[in-house]
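Dumped my_file_22.cif below, it's mmCIF, C-alpha atoms:
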data_entry
#
loop_
_atom_site.label_atom_id
_atom_site.label_comp_id
_atom_site.auth_asym_id
_atom_site.auth_seq_id
_atom_site.Cartn_x
_atom_site.Cartn_y
_atom_site.Cartn_z
CA MET A 1 -9.21 -57.62 -29.42
CA THR A 2 -11.79 -55.09 -28.31
CA ILE A 3 -12.20 -51.38 -29.04
CA TYR A 4 -12.48 -49.10 -26.01
CA ARG A 5 -13.34 -45.42 -25.98
CA ALA A 6 -11.15 -43.35 -23.66
CA ASP A 7 -11.12 -39.78 -22.34
CA LEU A 8 -7.84 -39.49 -20.46
CA HIS A 9 -7.87 -35.75 -19.72
CA ILE A 10 -10.71 -34.57 -17.50
CA HIS A 11 -10.49 -31.85 -14.83
CA SER A 12 -12.48 -32.04 -11.60
CA VAL A 13 -13.50 -29.29 -9.21
CA LEU A 14 -10.07 -29.62 -7.63
CA SER A 15 -8.60 -27.73 -10.60
CA PRO A 16 -9.02 -24.00 -9.98
CA CYS A 17 -10.26 -23.41 -13.53
CA ALA A 18 -12.84 -26.24 -13.58
CA ASP A 19 -16.57 -25.80 -13.01
CA LEU A 20 -17.94 -26.44 -9.52
CA GLU A 21 -20.23 -29.10 -11.00
CA MET A 22 -17.17 -31.25 -11.82
CA SER A 23 -17.37 -33.57 -8.82
CA PRO A 24 -16.23 -37.18 -9.21
CA VAL A 25 -19.89 -38.23 -8.84
CA ASN A 26 -21.05 -36.03 -11.72
CA ILE A 27 -18.05 -36.85 -13.91
CA VAL A 28 -18.55 -40.61 -13.57
CA LYS A 29 -22.31 -40.26 -14.10
CA ARG A 30 -21.72 -38.32 -17.32
CA ALA A 31 -19.05 -40.79 -18.49
CA ALA A 32 -21.54 -43.63 -17.96
CA GLU A 33 -24.25 -41.80 -19.93
CA LEU A 34 -21.78 -41.44 -22.79
CA ASP A 35 -20.71 -45.09 -22.58
CA LEU A 36 -17.06 -44.18 -22.09
CA ASP A 37 -14.97 -47.26 -21.28
CA ILE A 38 -11.84 -45.62 -19.84
CA ILE A 39 -11.43 -42.29 -18.03
CA ALA A 40 -8.74 -40.41 -16.14
CA ILE A 41 -9.20 -37.42 -13.85
CA THR A 42 -6.12 -35.31 -14.49
CA ASP A 43 -6.28 -32.23 -12.31
CA HIS A 44 -3.57 -29.62 -12.40
CA ASN A 45 -0.77 -31.01 -10.24
CA SER A 46 -3.03 -33.22 -8.12
CA THR A 47 -4.14 -36.85 -8.05
CA LEU A 48 -6.40 -36.47 -5.01
CA HIS A 49 -9.73 -37.19 -6.70
CA GLY A 50 -8.40 -40.46 -8.16
CA PRO A 51 -9.44 -42.98 -5.48
CA LEU A 52 -13.04 -41.74 -5.13
CA THR A 53 -13.40 -41.56 -8.92
CA ARG A 54 -12.18 -45.13 -9.24
CA ARG A 55 -14.63 -46.44 -6.64
CA LEU A 56 -17.54 -44.72 -8.40
CA ALA A 57 -16.34 -45.75 -11.86
CA GLU A 58 -16.04 -49.41 -10.86
CA GLU A 59 -19.71 -49.42 -9.84
CA ARG A 60 -20.56 -48.41 -13.41
CA ASP A 61 -18.08 -50.71 -15.08
CA ILE A 62 -15.79 -47.90 -16.23
CA TYR A 63 -12.02 -48.41 -16.11
CA SER A 64 -10.17 -45.47 -14.54
CA LEU A 65 -6.53 -44.45 -14.34
CA PHE A 66 -5.00 -42.31 -11.61
CA GLY A 67 -3.07 -39.27 -12.71
CA ALA A 68 -2.49 -35.55 -12.94
CA GLU A 69 -1.72 -32.88 -15.51
CA VAL A 70 1.71 -31.92 -14.25
CA ASN A 71 3.13 -28.46 -15.05
CA THR A 72 6.91 -28.71 -15.59
CA ARG A 73 9.52 -26.05 -14.88
CA GLU A 74 9.26 -24.89 -18.51
CA GLU A 75 5.48 -24.53 -17.97
CA ILE A 76 4.64 -27.49 -20.20
CA HIS A 77 1.51 -29.44 -19.28
CA CYS A 78 2.02 -33.21 -19.28
CA LEU A 79 -0.45 -36.02 -18.58
CA CYS A 80 1.05 -38.38 -16.01
CA LEU A 81 -0.98 -41.57 -15.57
CA VAL A 82 -0.50 -44.48 -13.16
CA GLU A 83 -2.24 -47.71 -12.33
CA ASN A 84 -2.40 -48.31 -8.60
CA GLU A 85 -2.68 -46.54 -5.25
CA GLN A 86 0.99 -46.98 -4.39
CA GLN A 87 2.08 -45.30 -7.63
CA ARG A 88 -0.53 -42.57 -7.13
CA GLN A 89 0.93 -41.75 -3.72
CA LEU A 90 4.46 -41.65 -5.16
CA LEU A 91 3.28 -39.26 -7.86
CA GLN A 92 1.38 -37.11 -5.35
CA THR A 93 4.46 -36.89 -3.10
CA PHE A 94 6.69 -36.00 -6.08
CA ILE A 95 4.33 -33.15 -6.98
CA GLU A 96 3.98 -31.85 -3.42
CA GLU A 97 7.75 -31.88 -2.87
CA ASN A 98 8.51 -30.01 -6.10
CA ILE A 99 5.66 -27.58 -6.75
CA GLN A 100 6.39 -23.91 -6.20
CA ARG A 101 4.21 -22.90 -3.24
CA ILE A 102 2.21 -19.86 -4.28
CA PRO A 103 -0.87 -19.07 -2.15
CA ASN A 104 -4.10 -19.50 -4.14
CA ASN A 105 -6.43 -16.52 -4.40
CA PRO A 106 -9.82 -18.14 -5.11
CA ASP A 107 -11.30 -14.82 -6.29
CA VAL A 108 -8.74 -14.70 -9.11
CA PHE A 109 -8.02 -18.35 -9.93
CA GLY A 110 -11.07 -20.20 -8.58
CA TYR A 111 -11.65 -22.68 -5.78
CA GLN A 112 -9.53 -25.82 -5.35
CA VAL A 113 -11.62 -28.25 -3.34
CA GLU A 114 -11.62 -31.96 -2.73
CA VAL A 115 -15.12 -33.36 -2.29
CA ASN A 116 -16.58 -36.66 -1.12
CA GLU A 117 -19.24 -38.92 -2.52
CA ASP A 118 -21.98 -36.69 -1.09
CA GLU A 119 -20.34 -33.68 -2.78
CA GLU A 120 -19.36 -32.18 0.57
CA ILE A 121 -16.07 -30.28 0.66
CA ILE A 122 -13.56 -32.25 2.68
CA GLN A 123 -10.45 -30.20 1.91
CA GLU A 124 -9.47 -26.92 0.29
CA ILE A 125 -5.95 -26.75 -1.20
CA ASN A 126 -4.43 -23.41 -0.21
CA TYR A 127 -1.48 -23.30 -2.63
CA LEU A 128 -2.03 -22.67 -6.33
CA LEU A 129 -2.25 -25.99 -8.18
CA HIS A 130 -1.67 -24.27 -11.50
CA ALA A 131 1.92 -23.37 -10.48
CA ALA A 132 4.93 -25.06 -12.07
CA LEU A 133 7.06 -27.77 -10.51
CA ASN A 134 10.74 -27.09 -10.03
CA LYS A 135 11.50 -30.06 -12.31
CA SER A 136 12.26 -30.03 -16.02
CA ILE A 137 10.14 -31.98 -18.50
CA ASP A 138 12.98 -34.52 -18.82
CA GLU A 139 13.06 -34.98 -15.03
CA VAL A 140 9.27 -35.42 -14.84
CA SER A 141 9.38 -37.94 -17.70
CA GLU A 142 12.20 -39.84 -16.02
CA PHE A 143 10.27 -39.95 -12.73
CA ILE A 144 7.06 -41.20 -14.35
CA TYR A 145 8.95 -43.95 -16.19
CA SER A 146 10.74 -44.88 -12.94
CA ILE A 147 7.42 -45.60 -11.18
CA GLY A 148 5.97 -47.46 -14.16
CA GLY A 149 3.58 -44.73 -15.29
CA ILE A 150 2.45 -43.33 -18.63
CA PHE A 151 3.86 -39.98 -19.80
CA VAL A 152 2.04 -37.93 -22.44
CA PRO A 153 2.86 -34.25 -23.17
CA ALA A 154 -0.56 -32.53 -23.34
CA HIS A 155 -2.15 -30.54 -26.20
CA VAL A 156 1.19 -30.34 -28.04
CA ASP A 157 -0.22 -28.15 -30.81
CA ARG A 158 -1.52 -25.38 -28.53
CA SER A 159 0.05 -21.93 -28.30
CA LYS A 160 0.22 -21.96 -24.51
CA TYR A 161 1.51 -24.40 -21.89
CA SER A 162 2.56 -26.86 -24.59
CA ILE A 163 5.86 -28.47 -25.49
CA THR A 164 5.94 -26.56 -28.77
CA SER A 165 5.03 -23.16 -27.32
CA GLN A 166 7.53 -23.42 -24.45
CA LEU A 167 10.41 -25.31 -26.09
CA GLY A 168 9.86 -24.58 -29.79
CA PHE A 169 9.72 -28.24 -30.81
CA VAL A 170 9.64 -31.74 -29.31
CA PRO A 171 13.13 -32.49 -27.91
CA PRO A 172 14.51 -35.48 -29.85
CA ASN A 173 15.68 -37.34 -26.72
CA LEU A 174 12.54 -36.88 -24.61
CA LYS A 175 10.90 -40.16 -23.55
CA TYR A 176 7.10 -40.31 -23.85
CA HIS A 177 4.39 -42.89 -24.57
CA ALA A 178 2.37 -40.70 -26.93
CA LEU A 179 1.51 -37.08 -27.60
CA GLU A 180 -1.88 -35.51 -26.97
CA ILE A 181 -3.11 -33.28 -29.78
CA SER A 182 -6.13 -30.98 -29.60
CA ARG A 183 -9.21 -31.25 -31.77
CA ASN A 184 -8.14 -28.21 -33.80
CA THR A 185 -5.12 -29.76 -35.48
CA GLN A 186 -4.69 -32.63 -37.92
CA VAL A 187 -1.81 -34.96 -37.05
CA ALA A 188 -0.40 -34.60 -40.57
CA ASP A 189 -0.28 -30.81 -40.21
CA PHE A 190 1.49 -31.12 -36.86
CA LEU A 191 4.03 -33.56 -38.34
CA ARG A 192 4.79 -31.23 -41.23
CA LEU A 193 5.96 -28.55 -38.79
CA ASN A 194 7.45 -30.86 -36.17
CA PRO A 195 9.85 -33.59 -37.19
CA ILE A 196 9.42 -36.30 -34.56
CA LYS A 197 9.80 -40.06 -34.25
CA PRO A 198 7.59 -41.49 -37.03
CA GLU A 199 6.17 -44.22 -34.78
CA THR A 200 4.77 -41.62 -32.33
CA GLY A 201 1.15 -42.21 -31.34
CA PHE A 202 -1.32 -39.34 -30.94
CA ILE A 203 -4.31 -39.29 -28.61
CA ARG A 204 -7.19 -36.84 -28.34
CA ASN A 205 -9.04 -36.07 -25.12
CA SER A 206 -11.69 -33.59 -24.07
CA ASP A 207 -9.60 -31.64 -21.50
CA ALA A 208 -13.05 -31.08 -20.00
CA HIS A 209 -13.54 -28.30 -17.46
CA PHE A 210 -17.36 -28.45 -17.71
CA ILE A 211 -19.70 -31.46 -17.55
CA ASN A 212 -20.93 -31.11 -21.13
CA GLN A 213 -17.34 -31.21 -22.45
CA ILE A 214 -16.63 -34.72 -21.13
CA GLY A 215 -16.20 -37.16 -24.00
CA SER A 216 -16.66 -34.38 -26.57
CA ILE A 217 -13.58 -35.84 -28.20
CA THR A 218 -12.12 -39.22 -27.33
CA THR A 219 -9.46 -41.73 -28.32
CA GLU A 220 -10.37 -45.22 -29.43
CA LEU A 221 -7.98 -47.90 -28.28
CA ALA A 222 -7.79 -51.46 -29.59
CA LEU A 223 -6.65 -53.48 -26.58
CA VAL A 224 -5.63 -57.09 -26.09
CA ASP A 225 -7.28 -56.78 -22.65
CA LEU A 226 -8.57 -53.93 -20.52
CA SER A 227 -5.51 -53.28 -18.37
CA PHE A 228 -3.03 -50.51 -17.64
CA VAL A 229 -0.28 -52.44 -19.43
CA SER A 230 -2.38 -52.84 -22.56
CA ILE A 231 -3.30 -49.13 -22.53
CA ALA A 232 0.42 -48.26 -22.30
CA ASN A 233 1.13 -50.74 -25.09
CA ALA A 234 -1.58 -49.19 -27.26
CA LEU A 235 -0.06 -45.72 -26.86
CA MET A 236 3.28 -47.16 -27.95
CA GLY A 237 1.66 -49.28 -30.69
CA GLN A 238 3.20 -52.50 -29.43
CA ASN A 239 2.35 -56.06 -28.30
CA GLY A 240 -0.87 -56.17 -30.30
CA SER A 241 -2.61 -53.10 -28.85
CA TYR A 242 -2.89 -49.84 -30.78
CA ILE A 243 -4.62 -46.46 -31.17
CA LEU A 244 -7.34 -46.32 -33.80
CA PRO A 245 -6.90 -43.50 -36.31
CA HIS A 246 -8.99 -40.45 -35.42
CA ILE A 247 -11.83 -39.76 -37.83
CA ASP A 248 -13.36 -36.31 -37.84
CA SER A 249 -17.08 -36.48 -37.26
CA MET B 1 30.18 -5.31 -30.12
CA LYS B 2 31.79 -8.66 -29.25
CA VAL B 3 30.37 -11.10 -26.70
CA LYS B 4 33.53 -10.87 -24.58
CA GLU B 5 33.22 -7.08 -24.34
CA VAL B 6 29.68 -7.48 -23.00
CA VAL B 7 30.87 -10.15 -20.55
CA GLU B 8 33.45 -7.73 -19.15
CA ALA B 9 31.22 -4.66 -19.14
CA LEU B 10 28.33 -6.37 -17.35
CA ASN B 11 30.35 -8.82 -15.27
CA LEU B 12 28.61 -11.89 -16.70
CA LYS B 13 29.48 -15.45 -15.87
CA VAL B 14 30.59 -17.63 -18.82
CA PHE B 15 29.21 -21.18 -18.50
CA SER B 16 30.21 -22.58 -21.88
CA GLY B 17 30.81 -21.94 -25.58
CA TYR B 18 34.13 -20.15 -25.13
CA ASP B 19 34.78 -20.49 -28.89
CA GLY B 20 32.02 -17.98 -29.50
CA LEU B 21 33.26 -15.20 -27.22
CA SER B 22 34.36 -13.21 -30.25
CA ASN B 23 30.91 -13.50 -31.89
CA THR B 24 29.52 -10.11 -32.88
CA ILE B 25 26.32 -9.00 -31.14
CA THR B 26 24.03 -7.13 -33.51
CA GLY B 27 20.94 -6.81 -31.32
CA GLY B 28 19.02 -8.36 -28.46
CA TYR B 29 15.87 -10.35 -27.73
CA THR B 30 14.18 -11.13 -24.43
CA SER B 31 11.68 -14.01 -24.29
CA ASP B 32 11.04 -17.29 -22.50
CA LEU B 33 8.87 -18.89 -25.15
CA LEU B 34 11.14 -20.75 -27.53
CA SER B 35 8.42 -20.78 -30.19
CA ASP B 36 8.41 -16.97 -30.03
CA VAL B 37 12.21 -16.78 -30.26
CA MET B 38 12.17 -19.12 -33.26
CA GLY B 39 9.72 -16.83 -34.98
CA ASN B 40 11.01 -13.41 -34.04
CA ALA B 41 14.59 -13.16 -32.75
CA PRO B 42 16.86 -11.33 -35.24
CA PRO B 43 20.09 -13.10 -36.30
CA GLY B 44 23.13 -12.05 -34.29
CA ALA B 45 20.99 -11.19 -31.26
CA ILE B 46 22.00 -11.88 -27.69
CA TRP B 47 19.05 -13.74 -26.14
CA ILE B 48 17.94 -13.15 -22.55
CA THR B 49 15.89 -15.97 -21.00
CA LEU B 50 15.22 -18.09 -17.94
CA GLN B 51 14.88 -21.33 -19.93
CA THR B 52 17.76 -23.75 -19.39
CA HIS B 53 16.61 -26.72 -21.51
CA VAL B 54 18.83 -28.12 -24.29
CA ASN B 55 16.31 -26.86 -26.85
CA VAL B 56 17.59 -23.35 -26.07
CA MET B 57 20.80 -24.19 -27.94
CA ALA B 58 18.95 -25.67 -30.90
CA VAL B 59 16.94 -22.46 -31.24
CA ALA B 60 20.05 -20.29 -30.78
CA THR B 61 21.79 -22.27 -33.53
CA LEU B 62 18.78 -22.18 -35.84
CA LYS B 63 18.48 -18.38 -35.47
CA ASP B 64 22.25 -17.80 -35.65
CA LEU B 65 22.26 -15.96 -32.31
CA SER B 66 25.49 -14.58 -30.83
CA ALA B 67 25.01 -15.65 -27.17
CA VAL B 68 22.44 -16.62 -24.53
CA VAL B 69 22.13 -14.91 -21.14
CA LEU B 70 20.47 -16.82 -18.29
CA VAL B 71 18.89 -14.57 -15.68
CA LYS B 72 18.37 -14.75 -11.90
CA GLY B 73 21.38 -16.99 -11.27
CA LEU B 74 19.92 -19.89 -13.25
CA GLU B 75 22.34 -22.49 -14.55
CA PRO B 76 22.19 -24.46 -17.81
CA GLU B 77 21.51 -28.19 -17.79
CA ALA B 78 24.43 -30.51 -18.59
CA ASN B 79 23.33 -31.33 -22.15
CA THR B 80 22.65 -27.63 -22.79
CA ILE B 81 26.28 -26.86 -21.88
CA GLN B 82 27.46 -29.64 -24.15
CA GLN B 83 25.46 -28.30 -27.07
CA SER B 84 26.71 -24.76 -26.42
CA ASN B 85 30.30 -25.99 -26.62
CA ASN B 86 29.55 -27.94 -29.81
CA GLU B 87 27.96 -24.95 -31.50
CA GLY B 88 30.32 -22.27 -30.18
CA ILE B 89 27.47 -20.14 -28.90
CA PRO B 90 28.27 -18.96 -25.37
CA ILE B 91 25.87 -19.33 -22.45
CA LEU B 92 26.35 -16.45 -20.04
CA GLY B 93 24.82 -15.88 -16.61
CA THR B 94 23.74 -13.02 -14.37
CA ASN B 95 22.02 -12.69 -11.01
CA LEU B 96 19.91 -9.84 -12.37
CA GLN B 97 16.37 -10.45 -13.59
CA ALA B 98 15.37 -10.08 -17.24
CA PHE B 99 14.12 -6.47 -17.04
CA GLU B 100 17.35 -5.24 -15.44
CA ILE B 101 19.82 -7.07 -17.69
CA SER B 102 17.78 -6.18 -20.78
CA GLY B 103 17.98 -2.49 -19.85
CA LEU B 104 21.73 -2.63 -19.25
CA LEU B 105 22.33 -4.47 -22.53
CA TYR B 106 20.08 -2.11 -24.45
CA ASN B 107 22.06 0.89 -23.26
CA LEU B 108 25.39 -0.79 -23.84
CA LEU B 109 24.57 -1.85 -27.40
CA ASN B 110 23.07 1.49 -28.33
CA THR B 111 25.85 3.76 -27.03
CA LYS B 112 28.68 1.88 -28.69
#
What does this structure look like when you write it as structure tokens?
Amino acid sequence: MTIYRADLHIHSVLSPCADLEMSPVNIVKRAAELDLDIIAITDHNSTLHGPLTRRLAEERDIYSLFGAEVNTREEIHCLCLVENEQQRQLLQTFIEENIQRIPNNPDVFGYQVEVNEDEEIIQEINYLLHAALNKSIDEVSEFIYSIGGIFVPAHVDRSKYSITSQLGFVPPNLKYHALEISRNTQVADFLRLNPIKPETGFIRNSDAHFINQIGSITTELALVDLSFVSIANALMGQNGSYILPHIDS
Amino acid sequence: MKVKEVVEALNLKVFSGYDGLSNTITGGYTSDLLSDVMGNAPPGAIWITLQTHVNVMAVATLKDLSAVVLVKGLEPEANTIQQSNNEGIPILGTNLQAFEISGLLYNLLNTK
């Protein structure tokens, strides 16, 4: 059993709202400086920076997950995480087939660029990645489970783009691995207002849009081994892996 | 004013919750954030929204609302219909958008 420190919600320069410094190279470099063990780039409705990030992270002995912060029809942000390239492509196709195509105006929303290892722009996405998919949160959850991924509604305590702001409360029948809660809220306070399954795990991530935000809050996972399956097990608190309680520093 | 009178006056589609067609409408509320509706919708209100999730019915029940109107031709999800029938709170539909149907309902409720 080993403890690993994870930041599973980091935006890259592909997200219109993220800083231009947030290239995979800079993100991985910063994660290495901070001794993070596990990271995930979760851009708004895009997985495209996953493969490059993984290649760079492997060189520095950091475990990375592929994924995206998907925006559901109800405008709820959800972390969708997968293990391998085949799953990543399935997720990317699901997003591209279901996102509402609204042209991006970079002057208003910011640039959405994919970059390479030398930080050269190789692609600019011309439709707004912040738009919602034409799929409900239940449909997105069902899809992620069907491809063997991890599903985590993001920043559930926030007053915008969260499951509680959009739907009032966590639907009792929704399937998820864990909930992400922001640094501003104690889990006990959230539970007082939101009756949910008592075994629900909570994770905290930086939701970094700027380099200095990476790892500013993290989740510590006790894992049987460093694998996608064990990370999923930890979020569910099963098969010997678990989330360590968050201690305010 | 009863829900069924509004249905006839504004030519609304009835998806479900027929038992509640004689509910009395005492006001209206237009919002797509369920957290906002939970906090602010007055009891007896007819609620105008584009949300179709089953949580809509839980909020409508919690706030003792008279009916829900889905805008822009949107249709409720299957479990939302089921919950509407269980609770006897009708889900109605219109092809109009929220601004237009809100205006029509406002006039209707305030001239009666």
Got a sec to check which residues sit within 7 Å of (17.2, -2.6, -29.2), counting all atoms listed in the file, and write them as a compact mmCIF listing (two decimals) with C-alpha atoms, in the coordinates of the input?
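Now in point04.txt:
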# COMPACT_ATOMS: atom_id res chain seq x y z
CA GLY B 27 20.94 -6.81 -31.32
CA GLY B 28 19.02 -8.36 -28.46
CA TYR B 106 20.08 -2.11 -24.45
### Message
Just the number, please: distance in Å from atom CA of Arg101 of chain A to atom CA of Tyr127 of chain A, one decimal.
### Response
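Going from atom CA of Arg101 of chain A over to atom CA of Tyr127 of chain A covers 5.7 Å.
Counting only C-alpha atoms and comparing A:Gly148, A:Gly215, A:Gly110, A:Gly168, the residue that lies closest to chain B is A:Gly168.
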Do you know which residues are at most 10 Å from Tyr29 of chain B counting only C-alpha atoms, after dropping those on the same chain fewer than 5 positions away, and could you put them as a compact mmCIF listing (two decimals) with C-alpha atoms, in the frame of the given file?
# COMPACT_ATOMS: atom_id res chain seq x y z
CA VAL B 37 12.21 -16.78 -30.26
CA ASN B 40 11.01 -13.41 -34.04
CA ALA B 41 14.59 -13.16 -32.75
CA PRO B 42 16.86 -11.33 -35.24
CA PRO B 43 20.09 -13.10 -36.30
CA GLY B 44 23.13 -12.05 -34.29
CA ALA B 45 20.99 -11.19 -31.26
CA ILE B 46 22.00 -11.88 -27.69
CA TRP B 47 19.05 -13.74 -26.14
CA ILE B 48 17.94 -13.15 -22.55
CA THR B 49 15.89 -15.97 -21.00
CA LEU B 65 22.26 -15.96 -32.31
CA VAL B 68 22.44 -16.62 -24.53
CA SER B 102 17.78 -6.18 -20.78
CA TYR B 106 20.08 -2.11 -24.45
### Message
Applying the PyMOL selection byres ((chain B) within 9 of (chain A)) to the file I just gave you, which residues come out? Please list them as a list in words.
### Response
Asp32, Leu33, Leu34, Ser35, Asp36, Val37, Met38, Gln51, Thr52, His53, Val54, Asn55, Val56 and Val59 of chain B
### Query
Evaluating the PyMOL selection byres ((chain B and resi 86-89) around 6) on the displayed file yields which residues, as an MDAnalysis selection string?
chainID B and resid 17 19:20 67 83:85 90
Those selected residues, please, written with C-alpha atoms and delivered as a CSV table (one decimal), in the frame of the given file.
chain,number,residue,atom,x,y,z
B,17,GLY,CA,30.8,-21.9,-25.6
B,19,ASP,CA,34.8,-20.5,-28.9
B,20,GLY,CA,32.0,-18.0,-29.5
B,67,ALA,CA,25.0,-15.6,-27.2
B,83,GLN,CA,25.5,-28.3,-27.1
B,84,SER,CA,26.7,-24.8,-26.4
B,85,ASN,CA,30.3,-26.0,-26.6
B,90,PRO,CA,28.3,-19.0,-25.4
### Query
Hey, which of B:Glu77, B:Val71, B:Asn110, B:Val14 ends up closest to Gln97 of chain B? Count all atoms listed in the file.
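Residue with the minimum atom-to-atom distance to Gln97 of chain B: B:Val71.
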Adding 6 Å on each side of the box along x, y and z that holds all listed atoms of segment 57-64 of chain B, could you give its centre and edge lengths in Å to one decimal, as lines of an AutoDock Vina configuration file?
center_x = 19.6
center_y = -21.7
center_z = -31.9
size_x = 17.3
size_y = 19.9
size_z = 19.9
### Message
What's the separation between atom CA of Glu5 of chain B and atom CA of Leu108 of chain B, in Å to one decimal place?
### Response
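Atom CA of Glu5 of chain B sits 10.1 Å away from atom CA of Leu108 of chain B.
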May I have the residues within 9 Å of Asn239 of chain A as a compact mmCIF listing (two decimals) with C-alpha atoms, keeping the file's coordinate frame, using only C-alpha atoms and disregarding those fewer than 5 positions away in the same chain?
# COMPACT_ATOMS: atom_id res chain seq x y z
CA VAL A 224 -5.63 -57.09 -26.09
CA SER A 230 -2.38 -52.84 -22.56
CA ASN A 233 1.13 -50.74 -25.09
CA ALA A 234 -1.58 -49.19 -27.26
### Two-atom distance - atom CA of Asn84 of chain A, atom CA of Ile181 of chain A (Å)
26.0 Å
### Task
Have a look at A:Ser206, A:Ser23, A:Asn71, A:Thr53 and name the one nearest to Glu120 of chain A; count all atoms listed in the file.
A:Ser23
### Task
For His155 of chain A, please output as number ranges by chain all residues within 9 Å (counting only C-alpha atoms; exclusion window: fewer than 6 positions along the same chain).
A: 77-78, 161-163, 179-182, 204-205, 207
Suppose we keep C-alpha atoms; can you now write the selection as a compact mmCIF listing (two decimals), keeping the file's coordinate frame?
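What follows is the written file selection.txt:
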# COMPACT_ATOMS: atom_id res chain seq x y z
CA HIS A 77 1.51 -29.44 -19.28
CA CYS A 78 2.02 -33.21 -19.28
CA TYR A 161 1.51 -24.40 -21.89
CA SER A 162 2.56 -26.86 -24.59
CA ILE A 163 5.86 -28.47 -25.49
CA LEU A 179 1.51 -37.08 -27.60
CA GLU A 180 -1.88 -35.51 -26.97
CA ILE A 181 -3.11 -33.28 -29.78
CA SER A 182 -6.13 -30.98 -29.60
CA ARG A 204 -7.19 -36.84 -28.34
CA ASN A 205 -9.04 -36.07 -25.12
CA ASP A 207 -9.60 -31.64 -21.50
### Test item: the PyMOL selection byres ((chain A and resi 241) around 10) resolved as a list in words
Met1, Thr2, Ile3, Leu221, Ala222, Leu223, Val224, Asp225, Val229, Ser230, Ile231, Ala232, Asn233, Ala234, Leu235, Met236, Gly237, Gln238, Asn239, Gly240, Tyr242, Ile243 and Leu244 of chain A
Show me that you can extract segment 154-167 of chain A, keeping N, CA and C atoms, and write it as a PDB file, in the first residue's frame.
ATOM      1  N   ALA A 154     -17.963  17.457 -11.268  1.00  0.00           N
ATOM      2  CA  ALA A 154     -16.916  18.384 -10.819  1.00  0.00           C
ATOM      3  C   ALA A 154     -17.472  19.439  -9.864  1.00  0.00           C
ATOM      4  N   HIS A 155     -16.587  19.948  -9.022  1.00  0.00           N
ATOM      5  CA  HIS A 155     -16.884  21.054  -8.080  1.00  0.00           C
ATOM      6  C   HIS A 155     -18.378  21.136  -7.707  1.00  0.00           C
ATOM      7  N   VAL A 156     -18.845  20.075  -7.045  1.00  0.00           N
ATOM      8  CA  VAL A 156     -20.289  19.917  -6.788  1.00  0.00           C
ATOM      9  C   VAL A 156     -20.857  20.982  -5.861  1.00  0.00           C
ATOM     10  N   ASP A 157     -19.997  21.679  -5.128  1.00  0.00           N
ATOM     11  CA  ASP A 157     -20.476  22.685  -4.188  1.00  0.00           C
ATOM     12  C   ASP A 157     -20.547  24.072  -4.810  1.00  0.00           C
ATOM     13  N   ARG A 158     -20.097  24.230  -6.048  1.00  0.00           N
ATOM     14  CA  ARG A 158     -20.024  25.579  -6.625  1.00  0.00           C
ATOM     15  C   ARG A 158     -21.375  26.064  -7.123  1.00  0.00           C
ATOM     16  N   SER A 159     -21.512  27.400  -7.216  1.00  0.00           N
ATOM     17  CA  SER A 159     -22.807  27.982  -7.576  1.00  0.00           C
ATOM     18  C   SER A 159     -22.967  28.138  -9.078  1.00  0.00           C
ATOM     19  N   LYS A 160     -21.998  27.649  -9.857  1.00  0.00           N
ATOM     20  CA  LYS A 160     -22.221  27.622 -11.308  1.00  0.00           C
ATOM     21  C   LYS A 160     -21.632  26.354 -11.914  1.00  0.00           C
ATOM     22  N   TYR A 161     -22.285  25.894 -12.977  1.00  0.00           N
ATOM     23  CA  TYR A 161     -21.854  24.696 -13.713  1.00  0.00           C
ATOM     24  C   TYR A 161     -21.667  23.471 -12.814  1.00  0.00           C
ATOM     25  N   SER A 162     -22.415  23.386 -11.723  1.00  0.00           N
ATOM     26  CA  SER A 162     -22.284  22.208 -10.865  1.00  0.00           C
ATOM     27  C   SER A 162     -23.607  21.461 -10.795  1.00  0.00           C
ATOM     28  N   ILE A 163     -23.518  20.223 -10.324  1.00  0.00           N
ATOM     29  CA  ILE A 163     -24.725  19.402 -10.230  1.00  0.00           C
ATOM     30  C   ILE A 163     -25.743  20.042  -9.284  1.00  0.00           C
ATOM     31  N   THR A 164     -25.265  20.699  -8.244  1.00  0.00           N
ATOM     32  CA  THR A 164     -26.220  21.304  -7.301  1.00  0.00           C
ATOM     33  C   THR A 164     -26.787  22.612  -7.836  1.00  0.00           C
ATOM     34  N   SER A 165     -25.985  23.398  -8.553  1.00  0.00           N
ATOM     35  CA  SER A 165     -26.535  24.650  -9.084  1.00  0.00           C
ATOM     36  C   SER A 165     -27.538  24.366 -10.194  1.00  0.00           C
ATOM     37  N   GLN A 166     -27.252  23.370 -11.031  1.00  0.00           N
ATOM     38  CA  GLN A 166     -28.103  23.138 -12.209  1.00  0.00           C
ATOM     39  C   GLN A 166     -29.311  22.254 -11.886  1.00  0.00           C
ATOM     40  N   LEU A 167     -29.113  21.269 -11.021  1.00  0.00           N
ATOM     41  CA  LEU A 167     -30.199  20.310 -10.751  1.00  0.00           C
ATOM     42  C   LEU A 167     -30.691  20.353  -9.309  1.00  0.00           C
TER      43      LEU A 167
END
